[in-house]
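Here the structure is laid out as structure tokens; the discussion comes afterwards.
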Amino acid sequence: MEIKAYAIQKEGGRLEPYTIERRSPGPDDVLIELMYCGICHTDLIIGNNEGGLADYPVVPGHEMIGRVAEAGANVSSVAVGDLVGVGCIADSCRSCPSCDSGDEQYCEQGFVLTFNAVTGDGEKTFGGYSTHYTINERYVIKMPEGLDPASAAPLLCGGITVYAPLKRFGAGPGKKVGVLGLGGLGHLAVKMSKAMGAHTVMMTSSPGKVEDAQKLGADDVLLTSDKDNLNAHAFSFDLIINTISANHDVNAFLPLLMRGGNMCFVGAPQTPISLVVSNLIVGDKLMSGSLIGGMPATREMLDFCAQHNVTADIEMIAIDQVNEAWDRIEKNDVKYRFVIDLATLA
Ligand SMILES: [Zn+2]
Ligand SMILES: [Zn+2]
């Protein structure tokens, strides 16, 4: 079926109206009428071919919320009319140990991204800057009651990205968690860490963000540009969630971890970072990384957010404002996530 979308046609191009072909839903598929799609920085990285991964035309978008318009004969987890979400994962091998354990993001065959990827059947995936999405039931999540659908959209990528390491590394009462970088990921990490009961410290280099961090619920704000301030927090953090995607000096922050503490990377600088290894050796410290989350963890994260009333702070835009939104993301000028109202595309 023919679907309205916005695509970048070639390197250096802008997003413009484009018609795509989506498969009609098979017996295991769900056809979703999309309502909202968040704009994640990964859309820009791939759409602008920053990592050389773009396969044009690119229809970005991987934080999708909509209603089930059609459900195939075998579909049992959702029904027509249900509010559902789709994140980064459109498909995976469904038989490797990672898929078996519900960690489809670590599928040994590589998971199929919901945009700019190719499925096992050779079908190219087009993302959520479009009116409809067809996808296997396994990768669709019925949204829990009580979450505002527009501000919940960014949870499908940004939210699970920070929830997974907070959960895995034990954020909770009695723990001190630092969140490095206040953007789309950082603002959700502060809200979730706080909701988990951890003492949550926003770590930022901009004095202008102190008040914002407090509004988001941070117990404390650490201005990283101030050496005395850093020294005052030495050897005190159980966990630092590092959301910074620009190259930066991690050696300035490792001394803040307590013995056995862990810095987990969820933002990916495009160039190598340098490490003074003694910063790990002294104090038995760890560095780690985490990539989104599988379907069970994403369901759990959404339930957690519904229970604790956690959603993204968003700026809603119409589809024809999407290029301007991308320009503003490049300048870090958004608090904290753009969400496209896809009624403006329909
Ligand atoms: Zn993303
Ligand atoms: Zn697999």
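If you're wondering about the labels, chains in the structure tokens are A, B, ... by order shown, residues count from 1 in each chain, ligands from 1 in order shown.
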
Residues within 8 Å of A:Leu83, only C-alpha atoms, excluding chain neighbours under 4 positions, as a ChimeraX atom specification: /A:65-68,142-143

Cut-off 8 Å: closest chain A/ligand 2 atom pairs per residue, using only C-alpha atoms and all ligand atoms, as a tab-separated table:
```
residue	atom	partner	partner_atom_place_in_ligand_line	distance
A:Ser92	CA	ligand 2	1 (Zn)	5.2
A:Cys93	CA	ligand 2	1 (Zn)	4.0
A:Arg94	CA	ligand 2	1 (Zn)	4.8
A:Ser95	CA	ligand 2	1 (Zn)	5.3
A:Cys96	CA	ligand 2	1 (Zn)	4.1
A:Pro97	CA	ligand 2	1 (Zn)	6.7
A:Ser98	CA	ligand 2	1 (Zn)	5.6
A:Cys99	CA	ligand 2	1 (Zn)	4.3
A:Asp100	CA	ligand 2	1 (Zn)	7.3
A:Glu104	CA	ligand 2	1 (Zn)	6.0
A:Tyr106	CA	ligand 2	1 (Zn)	7.2
A:Cys107	CA	ligand 2	1 (Zn)	3.6
A:Glu108	CA	ligand 2	1 (Zn)	5.1
A:Gln109	CA	ligand 2	1 (Zn)	5.7
A:Gly110	CA	ligand 2	1 (Zn)	7.0
A:Phe111	CA	ligand 2	1 (Zn)	7.0
```

Selection within 10 Å of ligand 1 by only C-alpha atoms and all ligand atoms, output as a ChimeraX atom specification: /A:38-44,61-63,87-88,154-161,184-185,291-292

Write the residues you've just listed into a file as a compact mmCIF listing (two decimals), in the first residue's frame, and include C-alpha atoms for each of them.
```
# COMPACT_ATOMS: atom_id res chain seq x y z
CA GLY A 38 9.77 11.45 18.47
CA ILE A 39 12.92 12.85 16.87
CA CYS A 40 16.06 11.14 18.18
CA HIS A 41 19.59 12.26 17.37
CA THR A 42 20.15 8.94 15.61
CA ASP A 43 17.64 10.08 12.95
CA LEU A 44 20.04 12.93 12.12
CA GLY A 61 11.81 7.89 12.90
CA HIS A 62 11.96 5.18 15.55
CA GLU A 63 9.90 6.49 18.48
CA GLY A 87 10.82 1.64 18.94
CA CYS A 88 14.08 0.76 17.24
CA PRO A 154 10.45 9.38 23.20
CA LEU A 155 10.38 6.60 25.80
CA LEU A 156 10.50 4.04 22.96
CA CYS A 157 14.17 4.82 22.24
CA GLY A 158 15.46 7.51 24.62
CA GLY A 159 13.60 6.11 27.60
CA ILE A 160 14.66 2.48 27.28
CA THR A 161 18.23 3.57 26.51
CA GLY A 184 17.03 14.04 25.44
CA LEU A 185 18.66 11.05 27.18
CA LEU A 291 22.18 -0.32 23.79
CA ILE A 292 18.41 0.38 24.01
```

Near-A:Phe338 list (10 Å; only C-alpha atoms; drop same-chain fewer than 6 positions) as a PyMOL selection string: chain A and resi 37-40+150-151+153-154+184+312-317+322+325-326+328-329

From A:Val177, A:Leu222, A:Val112, A:Met1, residue lying nearest A:Tyr133 [only C-alpha atoms]: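 Answer, going by the shortest atom-to-atom distance: A:Met1.
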
Selected residue, from A:Ser236, A:Ser225, A:Ser76, A:Ile319, that lies nearest to A:Ala343 when counting only C-alpha atoms: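 Checking each candidate against A:Ala343, we get A:Ile319 as the closest.
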
Pick from A:Gly122, A:Gly283, A:Pro57, A:Gly260, whichever lies nearest to A:Gly13 using only C-alpha atoms: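 Checking each of A:Gly122, A:Gly283, A:Pro57, A:Gly260 against A:Gly13, counting only C-alpha atoms, the winner is A:Pro57.
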
Of the listed residues A:Asp103, A:Asp327, A:Glu211, A:Asp121, that which approaches A:Ser290 most closely, counting only C-alpha atoms: A:Asp103

Please give the complete set of residues from stretch 129-258 of chain A that DSSP, run on the backbone, assigns to strand (DSSP E or B), formatted as a tab-separated table (two decimals) with N, CA and C atoms, in the first residue's frame.
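Saved file result.tsv follows:
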```tsv
chain	number	residue	atom	x	y	z
A	130	SER	N	5.95	9.06	8.96
A	130	SER	CA	5.02	8.52	7.97
A	130	SER	C	3.67	8.30	8.65
A	132	HIS	N	1.65	5.44	8.46
A	132	HIS	CA	1.33	4.06	8.87
A	132	HIS	C	2.61	3.23	8.93
A	133	TYR	N	2.57	2.18	9.77
A	133	TYR	CA	3.73	1.28	9.88
A	133	TYR	C	3.22	-0.15	9.95
A	134	THR	N	3.83	-1.06	9.19
A	134	THR	CA	3.49	-2.48	9.25
A	134	THR	C	4.63	-3.22	9.92
A	135	ILE	N	4.32	-4.06	10.91
A	135	ILE	CA	5.39	-4.69	11.68
A	135	ILE	C	4.88	-5.97	12.33
A	136	ASN	N	5.80	-6.93	12.51
A	136	ASN	CA	5.45	-8.17	13.19
A	136	ASN	C	5.02	-7.87	14.63
A	141	ILE	N	4.32	-2.93	21.16
A	141	ILE	CA	3.99	-2.92	22.59
A	141	ILE	C	2.68	-2.19	22.81
A	142	LYS	N	1.76	-2.87	23.51
A	142	LYS	CA	0.52	-2.19	23.90
A	142	LYS	C	0.87	-1.20	25.00
A	176	LYS	N	23.95	6.47	44.80
A	176	LYS	CA	24.15	7.81	44.24
A	176	LYS	C	24.43	7.67	42.75
A	177	VAL	N	23.55	8.26	41.95
A	177	VAL	CA	23.63	8.14	40.49
A	177	VAL	C	23.91	9.50	39.87
A	178	GLY	N	24.91	9.56	39.02
A	178	GLY	CA	25.19	10.79	38.28
A	178	GLY	C	24.69	10.65	36.85
A	179	VAL	N	24.15	11.72	36.31
A	179	VAL	CA	23.74	11.73	34.91
A	179	VAL	C	24.57	12.80	34.22
A	180	LEU	N	25.39	12.36	33.29
A	180	LEU	CA	26.31	13.26	32.62
A	180	LEU	C	25.71	13.71	31.29
A	199	HIS	N	19.65	8.71	44.88
A	199	HIS	CA	20.08	10.10	45.02
A	199	HIS	C	20.67	10.49	43.67
A	200	THR	N	20.03	11.43	42.99
A	200	THR	CA	20.33	11.67	41.58
A	200	THR	C	20.98	13.03	41.38
A	201	VAL	N	22.15	13.00	40.75
A	201	VAL	CA	22.92	14.23	40.55
A	201	VAL	C	23.06	14.49	39.05
A	202	MET	N	22.57	15.65	38.62
A	202	MET	CA	22.77	16.07	37.23
A	202	MET	C	24.16	16.67	37.12
A	203	MET	N	24.92	16.19	36.13
A	203	MET	CA	26.27	16.71	35.93
A	203	MET	C	26.30	17.44	34.60
A	204	THR	N	26.54	18.74	34.65
A	204	THR	CA	26.51	19.52	33.41
A	204	THR	C	27.60	20.58	33.43
A	220	ASP	N	20.71	17.11	43.27
A	220	ASP	CA	21.87	17.98	43.32
A	220	ASP	C	22.33	18.22	41.88
A	221	VAL	N	22.99	19.33	41.65
A	221	VAL	CA	23.55	19.62	40.33
A	221	VAL	C	25.04	19.87	40.49
A	222	LEU	N	25.81	19.15	39.71
A	222	LEU	CA	27.27	19.28	39.77
A	222	LEU	C	27.73	20.00	38.52
A	223	LEU	N	28.27	21.20	38.72
A	223	LEU	CA	28.80	21.96	37.58
A	223	LEU	C	30.19	21.42	37.27
A	237	PHE	N	30.18	8.31	43.71
A	237	PHE	CA	29.08	7.82	42.86
A	237	PHE	C	29.12	6.30	42.68
A	238	ASP	N	27.96	5.66	42.82
A	238	ASP	CA	27.84	4.24	42.48
A	238	ASP	C	27.81	4.05	40.97
A	239	LEU	N	27.16	4.98	40.30
A	239	LEU	CA	26.90	4.82	38.87
A	239	LEU	C	26.87	6.19	38.21
A	240	ILE	N	27.51	6.30	37.06
A	240	ILE	CA	27.37	7.50	36.23
A	240	ILE	C	26.84	7.06	34.87
A	241	ILE	N	25.68	7.60	34.49
A	241	ILE	CA	25.14	7.34	33.16
A	241	ILE	C	25.69	8.45	32.25
A	242	ASN	N	26.53	8.06	31.31
A	242	ASN	CA	27.19	9.04	30.45
A	242	ASN	C	26.43	9.16	29.13
A	257	LEU	N	33.75	8.27	40.76
A	257	LEU	CA	33.14	6.97	41.11
A	257	LEU	C	33.72	6.46	42.42
A	258	MET	N	32.87	5.85	43.23
A	258	MET	CA	33.36	5.20	44.44
A	258	MET	C	34.01	3.87	44.08
```

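We find atom CA of A:Ile340 and atom CA of A:Thr131 to be spaced 11.1 Å apart.
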
Gap from atom CA of A:Leu256 to atom CA of A:Pro207 - Å, one decimal: 19.5 Å

Close residues, A:Ile244 itself excluded, 8 Å, only C-alpha atoms, min 6 positions apart in chain, as an NGL selection string: :A and (180-181 or 266-269)

Once you have the residues from the selection above, write them out as a tab-separated table (two decimals), in the first residue's frame, restricted to N, CA, C and O atoms.
```tsv
chain	number	residue	atom	x	y	z
A	180	LEU	N	25.39	12.36	33.29
A	180	LEU	CA	26.31	13.26	32.62
A	180	LEU	C	25.71	13.71	31.29
A	180	LEU	O	25.50	12.89	30.40
A	181	GLY	N	25.42	15.00	31.19
A	181	GLY	CA	24.84	15.55	29.96
A	181	GLY	C	23.34	15.69	30.06
A	181	GLY	O	22.63	14.71	30.29
A	266	VAL	N	25.91	5.57	27.17
A	266	VAL	CA	24.73	5.38	26.32
A	266	VAL	C	24.74	6.34	25.14
A	266	VAL	O	23.94	6.21	24.22
A	267	GLY	N	25.63	7.33	25.17
A	267	GLY	CA	25.85	8.21	24.01
A	267	GLY	C	27.14	7.75	23.36
A	267	GLY	O	28.04	7.28	24.05
A	268	ALA	N	27.24	7.86	22.07
A	268	ALA	CA	28.41	7.31	21.37
A	268	ALA	C	29.17	8.40	20.62
A	268	ALA	O	28.78	8.79	19.52
A	269	PRO	N	30.29	8.89	21.20
A	269	PRO	CA	31.14	9.82	20.44
A	269	PRO	C	31.60	9.14	19.15
A	269	PRO	O	31.89	7.94	19.16
```

d(atom CA of A:Ala198, atom CA of A:Leu280) in Å: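 Taking atom CA of A:Ala198 and atom CA of A:Leu280, their separation equals 23.3 Å.
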
For A:Phe126, the nearest of the candidates A:Gly12, A:Pro60, A:Gly208, A:Gly47, counting only C-alpha atoms: A:Pro60

Residue among A:Asn279, A:Asn74, A:Thr271, A:Gln321 lying closest to A:Asp341, counting only C-alpha atoms: A:Gln321
